[in-house]
$ cat final36.csv   # CSV, C-alpha atoms (C1' of nucleotides)
chain,number,residue,atom,x,y,z
A,5,MET,CA,38.8,14.1,91.8
A,6,PRO,CA,35.1,14.9,91.8
A,7,ALA,CA,32.8,12.7,89.6
A,8,LEU,CA,31.9,14.2,86.2
A,9,ASP,CA,28.3,15.0,85.3
A,10,LEU,CA,27.7,12.6,82.5
A,11,SER,CA,24.5,14.3,81.5
A,12,THR,CA,26.7,16.9,79.7
A,13,HIS,CA,28.6,14.2,77.9
A,14,PRO,CA,27.4,13.7,74.3
A,15,GLY,CA,28.7,10.1,74.3
A,16,HIS,CA,26.7,9.1,77.3
A,17,LEU,CA,23.6,10.8,75.9
A,18,ALA,CA,24.2,9.0,72.6
A,19,ARG,CA,24.1,5.7,74.3
A,20,ARG,CA,21.0,6.6,76.2
A,21,LEU,CA,19.3,7.8,73.1
A,22,GLN,CA,19.9,4.6,71.3
A,23,GLN,CA,18.6,2.6,74.2
A,24,ALA,CA,15.5,4.7,74.2
A,25,HIS,CA,15.1,4.1,70.5
A,26,THR,CA,15.4,0.4,70.8
A,27,LEU,CA,12.8,0.3,73.5
A,28,LEU,CA,10.4,2.3,71.4
A,29,TRP,CA,11.1,0.2,68.3
A,30,ASN,CA,10.2,-3.0,70.1
A,31,THR,CA,6.9,-1.6,71.3
A,32,VAL,CA,5.9,0.5,68.3
A,33,VAL,CA,7.4,-1.2,65.2
A,34,SER,CA,8.2,-4.9,65.7
A,35,GLU,CA,9.5,-7.3,68.2
A,36,GLU,CA,10.5,-9.8,65.5
A,37,VAL,CA,12.7,-7.5,63.4
A,38,THR,CA,15.3,-5.2,64.8
A,39,SER,CA,16.0,-1.7,63.5
A,40,PRO,CA,19.3,-2.7,61.8
A,41,GLN,CA,17.5,-5.7,60.2
A,42,PHE,CA,14.9,-3.3,58.9
A,43,ALA,CA,17.6,-1.0,57.6
A,44,VAL,CA,19.1,-3.9,55.5
A,45,LEU,CA,15.6,-4.9,54.3
A,46,ASN,CA,15.0,-1.3,53.3
A,47,THR,CA,18.3,-1.0,51.4
A,48,LEU,CA,17.6,-4.2,49.5
A,49,ALA,CA,14.0,-3.1,48.8
A,50,GLY,CA,15.4,-0.1,47.1
A,51,GLN,CA,18.0,-2.0,45.1
A,52,ASP,CA,18.2,-5.7,44.7
A,53,GLY,CA,21.3,-7.7,43.9
A,54,LEU,CA,23.8,-6.0,46.2
A,55,ASP,CA,26.5,-7.9,48.1
A,56,GLN,CA,27.0,-7.9,51.8
A,57,ARG,CA,29.8,-5.4,51.9
A,58,THR,CA,27.9,-2.8,50.0
A,59,VAL,CA,24.8,-3.2,52.1
A,60,GLY,CA,26.9,-3.0,55.2
A,61,GLU,CA,28.5,0.2,54.0
A,62,ARG,CA,25.2,1.8,53.3
A,63,VAL,CA,23.5,1.0,56.6
A,64,GLY,CA,26.7,1.6,58.6
A,65,LEU,CA,27.8,-1.9,59.7
A,66,ASP,CA,31.2,-3.6,59.4
A,67,ARG,CA,31.6,-6.9,57.5
A,68,SER,CA,31.3,-9.1,60.6
A,69,THR,CA,28.1,-7.4,61.9
A,70,ILE,CA,26.4,-7.3,58.5
A,71,ALA,CA,27.2,-11.0,58.1
A,72,GLU,CA,25.4,-11.8,61.3
A,73,VAL,CA,22.4,-9.6,60.5
A,74,ILE,CA,22.0,-11.1,57.1
A,75,ARG,CA,22.4,-14.6,58.4
A,76,ARG,CA,19.3,-14.0,60.6
A,77,LEU,CA,17.3,-12.5,57.7
A,78,VAL,CA,18.2,-15.5,55.5
A,79,ASP,CA,17.2,-17.9,58.3
A,80,ARG,CA,13.8,-16.2,58.4
A,81,ARG,CA,13.4,-16.3,54.7
A,82,LEU,CA,13.2,-12.6,54.4
A,83,VAL,CA,16.3,-12.4,52.2
A,84,ASP,CA,17.8,-14.7,49.6
A,85,LYS,CA,21.6,-15.1,49.3
A,86,VAL,CA,23.3,-16.8,46.4
A,87,ARG,CA,26.9,-17.0,45.3
A,88,ASP,CA,27.7,-14.6,42.4
A,89,PRO,CA,28.6,-16.9,39.4
A,90,LYS,CA,30.6,-14.0,38.0
A,91,ASP,CA,32.6,-13.5,41.1
A,92,GLY,CA,33.0,-16.4,43.5
A,93,ARG,CA,33.8,-14.1,46.4
A,94,ARG,CA,30.6,-12.2,46.5
A,95,SER,CA,27.1,-13.2,47.7
A,96,VAL,CA,24.2,-11.6,45.8
A,97,LEU,CA,21.3,-10.6,48.1
A,98,ARG,CA,17.7,-10.2,47.2
A,99,VAL,CA,14.6,-9.6,49.2
A,100,THR,CA,12.0,-12.4,49.2
A,101,GLU,CA,8.3,-11.9,48.6
A,102,GLU,CA,7.8,-12.3,52.3
A,103,GLY,CA,10.5,-9.9,53.1
A,104,GLU,CA,9.0,-7.3,50.8
A,105,GLN,CA,5.6,-7.7,52.4
A,106,LEU,CA,7.2,-7.2,55.9
A,107,HIS,CA,9.1,-4.2,54.7
A,108,ARG,CA,5.9,-2.6,53.4
A,109,LYS,CA,4.1,-3.3,56.7
A,110,LEU,CA,6.9,-1.9,58.9
A,111,SER,CA,7.6,1.1,56.7
A,112,GLY,CA,4.4,2.8,57.9
A,113,ARG,CA,5.1,2.0,61.4
A,114,THR,CA,8.7,3.4,61.4
A,115,VAL,CA,7.3,6.7,60.2
A,116,ARG,CA,4.8,6.7,63.0
A,117,MET,CA,7.6,5.8,65.4
A,118,ASN,CA,9.7,8.7,64.4
A,119,GLN,CA,6.8,11.0,65.2
A,120,ILE,CA,6.5,9.5,68.7
A,121,PHE,CA,10.2,9.5,69.2
A,122,LEU,CA,10.5,13.2,68.3
A,123,ALA,CA,7.3,14.2,70.0
A,124,PRO,CA,9.1,16.0,72.9
A,125,LEU,CA,10.5,18.4,70.3
A,126,GLY,CA,8.9,21.2,68.4
A,127,PRO,CA,8.8,21.2,64.5
A,128,GLN,CA,11.9,23.5,64.3
A,129,GLU,CA,13.8,21.5,66.9
A,130,ARG,CA,13.1,18.3,65.1
A,131,SER,CA,14.9,19.3,61.9
A,132,THR,CA,17.6,20.9,63.9
A,133,PHE,CA,18.1,17.7,65.9
A,134,LEU,CA,18.3,15.6,62.8
A,135,GLU,CA,20.8,17.9,61.2
A,136,LEU,CA,23.0,18.1,64.3
A,137,LEU,CA,23.0,14.3,64.6
A,138,ARG,CA,24.0,14.0,61.0
A,139,ARG,CA,26.8,16.5,61.2
A,140,VAL,CA,28.4,15.0,64.3
A,141,SER,CA,28.1,11.4,63.0
A,142,ASP,CA,29.4,12.3,59.5
A,143,ALA,CA,32.3,14.2,60.9
A,144,THR,CA,33.5,11.3,63.1
A,145,GLU,CA,32.8,8.9,60.3
A,146,ALA,CA,35.1,10.9,58.1
A,147,LEU,CA,38.0,10.3,60.5
A,148,ARG,CA,37.7,6.6,59.8
A,149,ASN,CA,38.4,6.7,56.1
A,150,PRO,CA,40.0,10.1,55.4
A,151,GLY,CA,39.7,10.1,51.7
A,152,ALA,CA,36.0,9.5,51.2
A,153,PRO,CA,33.6,12.1,49.9
A,154,VAL,CA,31.5,13.3,52.8
A,155,ALA,CA,28.5,14.0,50.4
A,156,ASP,CA,27.7,17.6,51.5
A,157,VAL,CA,27.4,17.8,55.3
A,158,ARG,CA,25.1,20.8,55.0
A,159,GLY,CA,22.6,18.6,53.1
A,160,GLY,CA,19.1,18.9,51.8
A,161,GLN,CA,16.5,20.3,54.3
A,162,GLY,CA,18.2,23.4,55.7
A,163,GLN,CA,15.2,25.6,56.8
A,164,ASP,CA,16.3,25.5,60.4
A,165,GLN,CA,17.6,28.2,62.6
A,166,ALA,CA,20.8,26.7,64.0
A,167,GLN,CA,22.8,28.5,61.3
A,168,SER,CA,25.5,30.0,63.4
A,169,VAL,CA,28.1,27.8,61.6
A,170,GLY,CA,31.6,28.7,60.8
A,171,HIS,CA,33.8,28.1,63.9
A,172,ALA,CA,34.5,24.9,65.7
A,173,ALA,CA,38.3,24.7,65.9
A,174,ALA,CA,38.5,21.2,67.1
A,175,SER,CA,41.8,21.9,68.8
A,176,SER,CA,42.3,19.1,71.3
A,177,ARG,CA,43.6,21.9,73.5
B,11,MET,CA,7.0,0.5,48.0
B,12,PRO,CA,10.0,2.8,47.6
B,13,ALA,CA,12.8,2.5,50.1
B,14,LEU,CA,12.8,5.1,53.0
B,15,ASP,CA,15.6,7.6,53.4
B,16,LEU,CA,17.1,6.5,56.7
B,17,SER,CA,19.2,9.6,57.0
B,18,THR,CA,16.0,11.3,58.2
B,19,HIS,CA,15.2,8.7,60.8
B,20,PRO,CA,16.4,9.6,64.3
B,21,GLY,CA,16.8,6.0,65.3
B,22,HIS,CA,19.2,5.3,62.5
B,23,LEU,CA,21.1,8.4,63.3
B,24,ALA,CA,21.2,7.5,67.0
B,25,ARG,CA,22.9,4.2,66.2
B,26,ARG,CA,25.4,5.9,63.9
B,27,LEU,CA,26.1,8.5,66.5
B,28,GLN,CA,26.9,5.9,69.1
B,29,GLN,CA,29.1,4.0,66.7
B,30,ALA,CA,31.0,7.3,66.0
B,31,HIS,CA,31.4,7.9,69.7
B,32,THR,CA,32.7,4.4,70.4
B,33,LEU,CA,35.2,4.8,67.6
B,34,LEU,CA,36.4,8.1,69.0
B,35,TRP,CA,36.5,6.9,72.6
B,36,ASN,CA,38.9,4.0,71.6
B,37,THR,CA,41.3,6.4,69.9
B,38,VAL,CA,41.1,9.4,72.2
B,39,VAL,CA,40.3,8.1,75.7
B,40,SER,CA,41.2,4.4,76.2
B,41,GLU,CA,41.2,1.1,74.5
B,42,GLU,CA,41.3,-0.7,77.9
B,43,VAL,CA,38.2,0.8,79.5
B,44,THR,CA,34.9,1.3,77.6
B,45,SER,CA,32.6,4.3,78.0
B,46,PRO,CA,30.0,2.4,80.1
B,47,GLN,CA,32.8,1.1,82.3
B,48,PHE,CA,34.1,4.6,82.8
B,49,ALA,CA,30.5,5.7,83.7
B,50,VAL,CA,30.4,3.1,86.5
B,51,LEU,CA,33.8,4.1,87.7
B,52,ASN,CA,32.7,7.7,87.7
B,53,THR,CA,29.6,7.0,89.6
B,54,LEU,CA,31.5,5.1,92.3
B,55,ALA,CA,34.2,7.7,92.4
B,56,GLY,CA,31.4,10.2,93.4
B,57,GLN,CA,29.9,7.9,96.0
B,58,ASP,CA,31.3,4.7,97.4
B,59,GLY,CA,29.3,1.8,98.8
B,60,LEU,CA,26.4,1.6,96.3
B,61,ASP,CA,25.0,-1.7,95.1
B,62,GLN,CA,24.8,-2.9,91.5
B,63,ARG,CA,21.2,-2.0,91.0
B,64,THR,CA,21.6,1.6,92.1
B,65,VAL,CA,24.7,2.1,90.0
B,66,GLY,CA,23.0,0.5,87.0
B,67,GLU,CA,20.1,2.8,87.5
B,68,ARG,CA,22.3,5.9,87.5
B,69,VAL,CA,24.3,5.1,84.5
B,70,GLY,CA,21.3,3.6,82.6
B,71,LEU,CA,22.0,-0.1,82.5
B,72,ASP,CA,19.6,-3.0,83.4
B,73,ARG,CA,20.6,-5.5,86.1
B,74,SER,CA,22.0,-8.1,83.7
B,75,THR,CA,24.2,-5.6,81.8
B,76,ILE,CA,25.5,-3.8,84.9
B,77,ALA,CA,26.4,-7.2,86.3
B,78,GLU,CA,28.6,-7.9,83.3
B,79,VAL,CA,30.2,-4.5,83.3
B,80,ILE,CA,31.0,-4.8,87.0
B,81,ARG,CA,32.3,-8.3,86.7
B,82,ARG,CA,34.9,-7.0,84.2
B,83,LEU,CA,35.8,-4.1,86.5
B,84,VAL,CA,36.2,-6.4,89.4
B,85,ASP,CA,38.3,-8.8,87.3
B,86,ARG,CA,40.7,-5.9,86.5
B,87,ARG,CA,40.8,-4.9,90.2
B,88,LEU,CA,39.4,-1.5,89.5
B,89,VAL,CA,36.4,-2.1,91.7
B,90,ASP,CA,35.9,-4.1,94.9
B,91,LYS,CA,32.8,-6.1,95.5
B,92,VAL,CA,31.8,-7.4,98.9
B,93,ARG,CA,28.6,-8.9,100.2
B,94,ASP,CA,26.6,-6.5,102.4
B,95,PRO,CA,26.7,-8.1,105.9
B,96,LYS,CA,23.5,-6.1,106.7
B,97,ASP,CA,21.6,-7.4,103.7
B,98,GLY,CA,22.8,-10.7,102.1
B,99,ARG,CA,21.2,-9.9,98.8
B,100,ARG,CA,23.2,-6.8,98.0
B,101,SER,CA,26.8,-6.4,96.9
B,102,VAL,CA,28.6,-3.3,98.1
B,103,LEU,CA,30.8,-1.7,95.5
B,104,ARG,CA,33.9,0.4,96.1
B,105,VAL,CA,36.6,1.8,93.7
B,106,THR,CA,40.1,0.5,94.4
B,107,GLU,CA,43.1,2.7,94.6
B,108,GLU,CA,44.0,1.6,91.1
B,109,GLY,CA,40.5,2.4,89.8
B,110,GLU,CA,40.6,5.8,91.3
B,111,GLN,CA,43.9,6.6,89.6
B,112,LEU,CA,42.5,5.4,86.3
B,113,HIS,CA,39.4,7.5,86.8
B,114,ARG,CA,41.5,10.6,87.4
B,115,LYS,CA,43.6,9.9,84.3
B,116,LEU,CA,40.6,9.3,82.0
B,117,SER,CA,38.5,12.1,83.3
B,118,GLY,CA,40.7,14.7,81.6
B,119,ARG,CA,40.7,12.7,78.4
B,120,THR,CA,36.9,12.4,78.3
B,121,VAL,CA,36.6,16.2,78.5
B,122,ARG,CA,39.0,16.5,75.6
B,123,MET,CA,37.1,13.9,73.7
B,124,ASN,CA,33.8,15.8,74.1
B,125,GLN,CA,35.4,18.8,72.5
B,126,ILE,CA,36.6,16.7,69.5
B,127,PHE,CA,33.3,15.0,69.2
B,128,LEU,CA,31.3,18.2,69.2
B,129,ALA,CA,33.9,20.1,67.1
B,130,PRO,CA,31.7,20.1,64.0
B,131,LEU,CA,29.2,22.2,65.9
B,132,GLY,CA,29.3,25.9,67.0
B,133,PRO,CA,29.1,26.9,70.6
B,134,GLN,CA,25.4,27.6,70.5
B,135,GLU,CA,24.7,24.3,68.6
B,136,ARG,CA,26.6,22.3,71.1
B,137,SER,CA,24.4,23.2,74.0
B,138,THR,CA,21.3,22.9,71.8
B,139,PHE,CA,22.5,19.4,70.8
B,140,LEU,CA,23.0,18.3,74.3
B,141,GLU,CA,19.6,19.6,75.4
B,142,LEU,CA,17.7,18.0,72.6
B,143,LEU,CA,19.5,14.7,73.2
B,144,ARG,CA,18.5,14.9,76.8
B,145,ARG,CA,14.9,15.8,76.1
B,146,VAL,CA,14.3,13.0,73.7
B,147,SER,CA,16.1,10.4,75.8
B,148,ASP,CA,14.3,11.4,79.0
B,149,ALA,CA,10.9,11.4,77.4
B,150,THR,CA,11.2,7.9,76.1
B,151,GLU,CA,12.8,6.8,79.4
B,152,ALA,CA,9.7,8.1,81.1
B,153,LEU,CA,7.6,5.7,79.1
B,154,ARG,CA,9.4,2.8,80.7
B,155,ASN,CA,8.5,3.6,84.3
B,156,PRO,CA,5.5,5.9,84.2
B,157,GLY,CA,5.6,7.0,87.8
B,158,ALA,CA,9.1,8.2,88.2
B,159,PRO,CA,10.0,11.9,88.6
B,160,VAL,CA,11.6,13.1,85.4
B,161,ALA,CA,13.8,15.6,87.3
B,162,ASP,CA,13.1,18.7,85.3
B,163,VAL,CA,13.5,18.1,81.5
B,164,ARG,CA,14.3,21.8,81.0
B,165,GLY,CA,17.4,21.3,83.1
B,166,GLY,CA,20.4,23.5,84.1
B,167,GLN,CA,22.1,25.3,81.2
B,168,GLY,CA,19.4,26.9,79.1
B,169,GLN,CA,21.1,29.7,77.2
B,170,ASP,CA,20.5,28.2,73.8
B,171,GLN,CA,18.2,29.5,71.0
B,172,ALA,CA,16.1,26.4,70.3
B,173,GLN,CA,13.4,27.8,72.6
B,174,SER,CA,10.3,27.3,70.5
B,175,VAL,CA,9.0,24.8,73.0
B,176,GLY,CA,5.4,24.2,73.9
B,177,HIS,CA,3.8,22.1,71.1
B,178,ALA,CA,4.6,18.5,70.2
B,179,ALA,CA,1.3,16.7,70.2
B,180,ALA,CA,2.7,13.2,69.7
B,181,SER,CA,-0.5,12.0,68.0
B,182,SER,CA,0.5,8.8,66.3
B,183,ARG,CA,-0.7,10.0,62.9
C,19,DC,C1',7.9,-18.6,114.1
C,20,DC,C1',6.5,-19.2,109.5
C,21,DG,C1',5.4,-18.5,105.0
C,22,DA,C1',4.0,-14.9,101.2
C,23,DG,C1',5.6,-11.4,98.7
C,24,DG,C1',9.2,-8.4,97.4
C,25,DT,C1',14.0,-7.6,96.1
C,26,DA,C1',19.3,-8.2,94.5
C,27,DA,C1',21.8,-10.9,91.9
C,28,DT,C1',22.7,-14.6,88.6
C,29,DC,C1',22.0,-17.4,84.5
C,30,DA,C1',20.6,-18.6,79.7
C,31,DG,C1',19.5,-17.0,75.4
C,32,DT,C1',19.4,-13.4,71.7
C,33,DA,C1',21.2,-9.6,69.0
C,34,DC,C1',24.2,-5.9,67.7
C,35,DA,C1',29.2,-4.1,67.1
C,36,DC,C1',34.0,-4.2,66.7
C,37,DT,C1',39.0,-6.2,65.9
C,38,DG,C1',42.2,-9.4,64.1
C,39,DA,C1',43.2,-13.6,61.8
C,40,DC,C1',42.1,-16.6,58.1
C,41,DT,C1',40.2,-18.6,53.6
C,42,DA,C1',38.7,-18.3,49.0
C,43,DT,C1',38.7,-15.9,45.0
C,44,DC,C1',39.8,-12.5,41.6
C,45,DT,C1',43.0,-9.2,39.1
C,46,DG,C1',46.8,-7.3,37.1
C,47,DA,C1',51.7,-6.9,36.3
C,48,DA,C1',56.1,-9.1,35.4
D,23,DT,C1',51.1,-17.6,32.9
D,24,DT,C1',51.9,-17.2,37.3
D,25,DC,C1',51.9,-15.2,41.5
D,26,DA,C1',51.5,-10.9,44.6
D,27,DG,C1',48.2,-8.0,46.2
D,28,DA,C1',43.5,-6.8,46.7
D,29,DT,C1',38.9,-8.1,48.0
D,30,DA,C1',34.5,-10.7,50.0
D,31,DG,C1',33.3,-13.5,53.4
D,32,DT,C1',34.0,-16.3,57.7
D,33,DC,C1',35.5,-17.3,62.3
D,34,DA,C1',37.0,-16.4,67.1
D,35,DG,C1',37.0,-13.4,70.8
D,36,DT,C1',35.3,-9.3,73.5
D,37,DG,C1',31.9,-6.2,75.1
D,38,DT,C1',27.4,-3.9,75.5
D,39,DA,C1',22.2,-4.5,76.0
D,40,DC,C1',17.9,-6.7,76.6
D,41,DT,C1',14.2,-10.4,78.3
D,42,DG,C1',12.7,-14.1,81.1
D,43,DA,C1',13.6,-17.6,84.5
D,44,DT,C1',15.8,-18.8,88.8
D,45,DT,C1',18.1,-18.4,93.3
D,46,DA,C1',19.1,-16.4,97.6
D,47,DC,C1',17.7,-13.4,100.9
D,48,DC,C1',14.9,-10.1,103.5
D,49,DT,C1',10.5,-8.4,105.7
D,50,DC,C1',6.2,-8.3,107.5
D,51,DG,C1',1.7,-10.2,108.6
D,52,DG,C1',-0.6,-13.7,111.0

$ encode --input "final36.csv" --output "structure tokens"
Amino acid sequence: MPALDLSTHPGHLARRLQQAHTLLWNTVVSEEVTSPQFAVLNTLAGQDGLDQRTVGERVGLDRSTIAEVIRRLVDRRLVDKVRDPKDGRRSVLRVTEEGEQLHRKLSGRTVRMNQIFLAPLGPQERSTFLELLRRVSDATEALRNPGAPVADVRGGQGQDQAQSVGHAAASSR
Amino acid sequence: MPALDLSTHPGHLARRLQQAHTLLWNTVVSEEVTSPQFAVLNTLAGQDGLDQRTVGERVGLDRSTIAEVIRRLVDRRLVDKVRDPKDGRRSVLRVTEEGEQLHRKLSGRTVRMNQIFLAPLGPQERSTFLELLRRVSDATEALRNPGAPVADVRGGQGQDQAQSVGHAAASSR
DNA sequence: CCGAGGTAATCAGTACACTGACTATCTGAA
DNA sequence: TTCAGATAGTCAGTGTACTGATTACCTCGG
């Protein structure tokens, strides 16, 4: 059995892509706050008063992981966490003033980072890339909870050229 | 400061893509062996007698992580690890008979998994997707050790249509 | 032959990411 | 009203993935 060429395996490339992103994040955006932590901060900056589960759902983290991430944010006083008096199971989350400042500062840097990250691609390719990433991720995500609305896979910005859709046939052979 | 839309951030999508892949791997390929573990097995199946550092380099893992992964493979008797008598610093790695059998069994499944993973995309899009993943990962990887040969970014299979290359201008603003 | 510098591996510490088990709390139906 | 089921969160365990420090070993110049 000859060894497979992993450079044609999307899973392997996905892992490498994420490693590359983490590396870039640490140098360009922040060494203090990680990308998932920023995602949580960003979600709460948009809407205060959510509970862990909801935030986790929005940024794509399960209950255990989101608990860890939020614990760190609370430790660093970037997020406040108080028991919901209306429902003793839930914790209500809120960004602190400090957290909001940090979010503002890092928001600009993340935009710059995205440019650097996608620099090897042309303008057309960039939007294609994002769309393909979204389609593949969403499709697999849909397997997890097969009743949820997928919120229009062919979403917003569709001025790309990779329009040869209408095929696929998953057919596991 | 309004919240950013993370669905346009490649880093966020990269993380979600990897999560999706891990989920699929566990259901389609194996719950016993992870994708990085298979990558190591696959590398060793292609060429016996490498040391940790080299294997790590090929599959894209740093020395600490590759040590962990290999420890698990050795624990499960899928890989043998012996001190190099010629050079007491190195450990020479070799796939066991059992590891080779497992590699054979899983190789077929990974191919099938790739098809399922990329099912949402058309044939053209699939090769485009792989190429873009490779280009972005390789470019960032190149920042890490700026003297290494990048081994031809425009690699093998280039029959796709995302050919508007020749641009980019990273320009952090 | 000896020590300085380089290299392979390990170790400690941090941070996602997931599963499965468990606790506390809430809600609705009998 | 009471308790069965659902839900939010925690905890334990496993597995990447990284940095920085340390250890063991090799090599080569003097």

$ interface_residues --input "final36.csv" --of "chain A" --to "chain D" --cutoff "8 Å" --atoms "only C-alpha atoms (C1' of nucleotides)" --output "count of residues only"
4

$ interface_residues --input "final36.csv" --of "chain A" --to "chain C" --cutoff "8 Å" --atoms "only C-alpha atoms (C1' of nucleotides)" --output "mmCIF file with C-alpha atoms, in the coordinates of the input"
data_model
loop_
_atom_site.group_PDB
_atom_site.id
_atom_site.type_symbol
_atom_site.label_atom_id
_atom_site.label_comp_id
_atom_site.auth_asym_id
_atom_site.auth_seq_id
_atom_site.Cartn_x
_atom_site.Cartn_y
_atom_site.Cartn_z
ATOM 1 C CA LEU A 65 27.800 -1.900 59.700
ATOM 2 C CA ASP A 66 31.200 -3.600 59.400
ATOM 3 C CA THR A 69 28.100 -7.400 61.900
ATOM 4 C CA ASP A 91 32.600 -13.500 41.100
ATOM 5 C CA GLY A 92 33.000 -16.400 43.500
ATOM 6 C CA ARG A 93 33.800 -14.100 46.400
#

$ atom_distance --input "final36.csv" --atom1 "atom CA of A:Val59" --atom2 "atom CA of A:Leu97"
9.1 Å

$ interface_residues --input "final36.csv" --of "chain A" --to "chain B" --cutoff "7 Å" --atoms "all atoms listed in the file" --output "PyMOL selection string"
chain A and resi 5-8+12-15+17-22+24-25+46-47+49-50+64+108+116+118-120+122-126+129+133-134+136-141+143-145+166+168-169+171-174+176

$ atom_distance --input "final36.csv" --atom1 "atom CA of B:Val92" --atom2 "atom CA of B:Leu112"
20.9 Å

$ atom_distance --input "final36.csv" --atom1 "atom CA of B:Phe48" --atom2 "atom CA of B:Gly66"
12.6 Å
